[in-house]
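Enquirer: First, the structure itself, so that you have it in front of you.
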Amino acid sequence: RWRAGELVLAIGGAVVVPDFFARLPSGADYPPEELEGYATRLSQIAPAPTDTMRNQLGSPNWYARVIAARFFERKGTADDVKRLDALSADKAPVKGPRWGKSKTVGEVASEAATSAKQRLGLPVAK
């Protein structure tokens, strides 16, 4: 699923992004590497599917919010960092191997926000 998903994104570009998210299995476990892979591919699409990814920050699916957070870690603006900071309160658990104990979407969003702030030269809270 992971490699096939990355291939779909690489070949299809921005037009396939909404369908890509619609077809991800909702009951599945996702390792962090898989979601990172999707975010990396999405961040390589030109022009970037920024509006679609902003919509995914509000998705009912935890994995879509994680992918979007990791996308904005790479491609986000200062306004997107504010969205990541808001998402840091998300208590939804992530599900899959290698996440560690009690990891939440909010923790992933907080990590992504810190990384994006560093990339953009914005102040990072200590």
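Ordered as shown in the structure tokens, chains take letters A, B, and onward, while each chain numbers its residues from 1 and ligands are numbered from 1 in the order shown.
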Can you list, as a PyMOL selection string, every protein, DNA or RNA residue that comes within 12 Å of range 27-36 of chain A when you count only C-alpha atoms, leaving out same-chain residues fewer than 6 positions away?

Expert: chain A and resi 1-6+21+42-43+61-74+93-100+103-105+108+112

Enquirer: Based on the backbone DSSP call, show me all residues of range 12-122 of chain A assigned helix (DSSP H, G or I), as a PyMOL selection string.

Expert: chain A and resi 12-23+32-44+50-56+62-75+78-87+105-120

Enquirer: How far is it from CA of Ser115 in chain A to CA of Ala10 in chain A, in Å with one decimal?

Expert: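 Result for CA of Ser115 in chain A versus CA of Ala10 in chain A: 24.1 Å, one decimal.
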
Enquirer: I'd like the contact shell of Phe20 in chain A - 9 Å cut-off, only C-alpha atoms, skipping same-chain residues fewer than 4 positions apart - returned as an MDAnalysis selection string.

Expert: chainID A and resid 5 8:9 16 24

Enquirer: What does the file look like for those residues with all heavy atoms, as a PDB file, in the first residue's frame?

Expert:
```pdb
ATOM      1  N   GLY A   5       0.937   3.901  -2.957  1.00  0.00           N
ATOM      2  CA  GLY A   5       0.427   5.247  -2.679  1.00  0.00           C
ATOM      3  C   GLY A   5       1.401   6.323  -3.097  1.00  0.00           C
ATOM      4  O   GLY A   5       1.015   7.335  -3.704  1.00  0.00           O
ATOM      5  N   VAL A   8       1.362   6.589  -6.910  1.00  0.00           N
ATOM      6  CA  VAL A   8       0.166   7.302  -7.378  1.00  0.00           C
ATOM      7  C   VAL A   8       0.370   8.813  -7.251  1.00  0.00           C
ATOM      8  O   VAL A   8       0.063   9.572  -8.166  1.00  0.00           O
ATOM      9  CB  VAL A   8      -1.084   6.842  -6.596  1.00  0.00           C
ATOM     10  CG1 VAL A   8      -2.248   7.802  -6.769  1.00  0.00           C
ATOM     11  CG2 VAL A   8      -1.469   5.436  -7.007  1.00  0.00           C
ATOM     12  N   LEU A   9       0.905   9.244  -6.117  1.00  0.00           N
ATOM     13  CA  LEU A   9       1.136  10.674  -5.911  1.00  0.00           C
ATOM     14  C   LEU A   9       2.202  11.214  -6.858  1.00  0.00           C
ATOM     15  O   LEU A   9       2.056  12.311  -7.401  1.00  0.00           O
ATOM     16  CB  LEU A   9       1.533  10.940  -4.454  1.00  0.00           C
ATOM     17  CG  LEU A   9       0.433  10.713  -3.424  1.00  0.00           C
ATOM     18  CD1 LEU A   9       1.000  10.752  -2.013  1.00  0.00           C
ATOM     19  CD2 LEU A   9      -0.689  11.725  -3.589  1.00  0.00           C
ATOM     20  N   VAL A  16      -4.754  14.107  -8.204  1.00  0.00           N
ATOM     21  CA  VAL A  16      -5.140  12.847  -7.567  1.00  0.00           C
ATOM     22  C   VAL A  16      -5.189  12.931  -6.047  1.00  0.00           C
ATOM     23  O   VAL A  16      -5.639  11.997  -5.391  1.00  0.00           O
ATOM     24  CB  VAL A  16      -4.215  11.681  -7.983  1.00  0.00           C
ATOM     25  CG1 VAL A  16      -4.216  11.487  -9.486  1.00  0.00           C
ATOM     26  CG2 VAL A  16      -2.815  11.845  -7.444  1.00  0.00           C
ATOM     27  N   LEU A  24      -7.525   5.969   1.144  1.00  0.00           N
ATOM     28  CA  LEU A  24      -6.735   5.391   2.233  1.00  0.00           C
ATOM     29  C   LEU A  24      -7.676   4.646   3.178  1.00  0.00           C
ATOM     30  O   LEU A  24      -8.719   5.181   3.567  1.00  0.00           O
ATOM     31  CB  LEU A  24      -5.983   6.484   2.994  1.00  0.00           C
ATOM     32  CG  LEU A  24      -4.771   7.076   2.295  1.00  0.00           C
ATOM     33  CD1 LEU A  24      -4.223   8.259   3.103  1.00  0.00           C
ATOM     34  CD2 LEU A  24      -3.688   6.033   2.097  1.00  0.00           C
TER      35      LEU A  24
END
```

Enquirer: When you look at Leu120 in chain A with a cut-off of 10 Å (counting only C-alpha atoms), what residues show up, excluding the ones that are within fewer than 4 positions of it in the same chain? I need them as a count of residues only.

Expert: 10

Enquirer: Just the residues within 6 Å of Pro49 in chain A, please, counting only C-alpha atoms, with nothing from its chain fewer than 2 positions along; format it as a list in words.

Expert: Ala14, Asp51 and Thr52 of chain A

Enquirer: Could the residues in this selection be written to a file with C-alpha atoms, as a PDB file, in the first residue's frame?

Expert:
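Written out: out_3.pdb:
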```pdb
ATOM      1  CA  ALA A  14      -2.105  17.456  -7.474  1.00  0.00           C
ATOM      2  CA  ASP A  51      -5.449  24.105  -0.207  1.00  0.00           C
ATOM      3  CA  THR A  52      -6.226  20.395  -0.263  1.00  0.00           C
TER       4      THR A  52
END
```

Enquirer: Between A:Asn55, A:Leu7, A:Ala22, A:Pro60, which one has atoms that come closest to Tyr38 in chain A, using only C-alpha atoms?

Expert: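 Counting only C-alpha atoms, the residue closest to Tyr38 in chain A is A:Leu7.
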
Enquirer: Could you check the closest approach to Leu122 in chain A for each of A:Ala46, A:Lys101, A:Asp90, A:Lys82 and tell me which residue wins, using only C-alpha atoms?

Expert: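 For Leu122 in chain A, the nearest of the given residues is A:Lys82.
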
Enquirer: When you draw a straight line from CA of Lys117 in chain A to CA of Asp79 in chain A, how long is it in Å?

Expert: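 That distance, rounded to one decimal, is 10.8 Å.
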
Enquirer: Using only C-alpha atoms, which of A:Ser59, A:Pro25, A:Ala125, A:Ile11 sits nearest Arg41 in chain A?

Expert: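 The shortest atom-to-atom distance to Arg41 in chain A comes from A:Ile11.
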
Enquirer: Would you mind telling me which residue in A:Asp19, A:Gly13, A:Ser26, A:Arg119 lies nearest to Ala48 in chain A when using only C-alpha atoms?

Expert: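 For Ala48 in chain A, the nearest of the given residues is A:Gly13.
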